[in-house]
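Undergrad: Before we start, here is the structure in question, set down as structure tokens.
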Amino acid sequence: DAGVTQSPTHLIKTRGQQVTLRCSPKSGHDTVSWYQQALGQGPQFIFQYYEEEERQRGNFPDRFSGHQFPNYSSELNVNALLLGDSALYLCASNNYGTGVSSPLHFGNGTRLTVT
Amino acid sequence: AQSVTQLGSHVSVSEGALVLLRCNYSSSVPPYLFWYVQYPNQGLQLLLKYTSAATLVKGINGFEAEFKKSETSFHLTKPSAHMRDAAEYFCAVSVVAGNTGKLIFGQGTTLQVKP
């Protein structure tokens, strides 16, 4: 049973550039959530996608956008990269609206470094 | 607004000793509470979850947590620490009842286990 997979594992970008991160949810899951984890911090919620629509959003600027595809996979896009965007980006999946019976399963993350 | 506070950013115990990681939460609704563990260069793995069915929750790897509403606490314990328990531990609360995609995480506690 494949878990949550993310690509790439590491990425180095320059300030001002754009980046796309990819995620495939755990088999059987229909919802993808994205989190940003800065060094030494807990993860912070970016947004959640279900049925190809953004359902919830955290306190992140519009430079952060996403997409969900019919096969439930998802992309996170970040435009106009800032040094402060350097972080581990985590993708998590579960089933929508099922509460605690479907807790989040996390991937291993993409380490983004902005120079 | 929901929030989580983890008391102690670093906890050090000897192998075989009791592990106690503290978590206090703030929630305006009955909370869904979780403990996750993160090993170096990996994503988060669910240790246990509070479902309101029982105040004492047993999780994987010998960990358990007790929900105390009067103290708004959900501390994580393990009777006997093992070297493999050394990791980062995160307490989290679900913001939206019925939808656990958006979690608020604490800052994390690094557990060091000394031989």
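Here's how to read the names in the structure tokens: chain A, B, ... by the order shown, residue numbers from 1 in each chain, ligand numbers from 1 in the order shown.
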For region 49-62 of chain B, please output as a PyMOL selection string all residues within 7 Å (counting only C-alpha atoms; exclusion window: fewer than 2 positions along the same chain).
TA: (chain A and resi 100) or (chain B and resi 32-35+47+64-67+78)
Undergrad: Among region 32-113 of chain A, which ones does DSSP place in strand (DSSP E), written as a ChimeraX atom specification?
TA: /A:32-37,44-50,53-57,64-68,74-78,87-94,105-106,110-113
Undergrad: Pull out every residue of chain A sitting within 7 Å of chain B, counting only C-alpha atoms, and send them as a list in words.
TA: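 Listing them in order of chain and number gives Ser33, Gln41, Gly42, Pro43, Phe45, Gln48, Leu90, Tyr96, Gly97, Thr98, Gly99, Val100, Pro103, Leu104, Phe106, Gly107, Asn108 and Gly109 of chain A.
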Undergrad: Give the helix (DSSP H, G or I) residues of region 22-115 of chain A, as assigned by DSSP on the backbone, as a PDB file with all heavy atoms, in the first residue's frame.
TA:
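Contents of the output file selection-v3.pdb:
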ATOM      1  N   LEU A  83      13.583  34.520   0.382  1.00  0.00           N
ATOM      2  CA  LEU A  83      14.481  33.719   1.211  1.00  0.00           C
ATOM      3  C   LEU A  83      13.704  33.001   2.315  1.00  0.00           C
ATOM      4  O   LEU A  83      14.005  31.865   2.678  1.00  0.00           O
ATOM      5  CB  LEU A  83      15.569  34.595   1.825  1.00  0.00           C
ATOM      6  CG  LEU A  83      16.569  35.217   0.856  1.00  0.00           C
ATOM      7  CD1 LEU A  83      17.571  36.074   1.623  1.00  0.00           C
ATOM      8  CD2 LEU A  83      17.291  34.159   0.038  1.00  0.00           C
ATOM      9  N   GLY A  84      12.675  33.667   2.827  1.00  0.00           N
ATOM     10  CA  GLY A  84      11.866  33.122   3.907  1.00  0.00           C
ATOM     11  C   GLY A  84      10.993  31.943   3.510  1.00  0.00           C
ATOM     12  O   GLY A  84      10.378  31.309   4.371  1.00  0.00           O
ATOM     13  N   ASP A  85      10.955  31.650   2.212  1.00  0.00           N
ATOM     14  CA  ASP A  85      10.184  30.484   1.763  1.00  0.00           C
ATOM     15  C   ASP A  85      10.986  29.198   1.912  1.00  0.00           C
ATOM     16  O   ASP A  85      10.446  28.110   1.699  1.00  0.00           O
ATOM     17  CB  ASP A  85       9.775  30.659   0.300  1.00  0.00           C
ATOM     18  CG  ASP A  85       8.812  31.808   0.093  1.00  0.00           C
ATOM     19  OD1 ASP A  85       8.050  32.125   1.033  1.00  0.00           O
ATOM     20  OD2 ASP A  85       8.834  32.405  -1.002  1.00  0.00           O
ATOM     21  N   GLY A  99     -13.521  13.266   9.782  1.00  0.00           N
ATOM     22  CA  GLY A  99     -13.094  13.548  11.140  1.00  0.00           C
ATOM     23  C   GLY A  99     -11.908  12.734  11.568  1.00  0.00           C
ATOM     24  O   GLY A  99     -11.043  12.397  10.760  1.00  0.00           O
ATOM     25  N   VAL A 100     -11.885  12.382  12.826  1.00  0.00           N
ATOM     26  CA  VAL A 100     -10.710  11.759  13.400  1.00  0.00           C
ATOM     27  C   VAL A 100     -10.552  10.319  12.916  1.00  0.00           C
ATOM     28  O   VAL A 100      -9.496   9.711  13.130  1.00  0.00           O
ATOM     29  CB  VAL A 100     -10.786  11.825  14.936  1.00  0.00           C
ATOM     30  CG1 VAL A 100     -11.813  10.829  15.467  1.00  0.00           C
ATOM     31  CG2 VAL A 100      -9.433  11.630  15.563  1.00  0.00           C
ATOM     32  N   SER A 101     -11.563   9.781  12.271  1.00  0.00           N
ATOM     33  CA  SER A 101     -11.438   8.417  11.762  1.00  0.00           C
ATOM     34  C   SER A 101     -10.483   8.356  10.573  1.00  0.00           C
ATOM     35  O   SER A 101     -10.055   7.278  10.178  1.00  0.00           O
ATOM     36  CB  SER A 101     -12.802   7.875  11.340  1.00  0.00           C
ATOM     37  OG  SER A 101     -13.330   8.632  10.269  1.00  0.00           O
TER      38      SER A 101
END
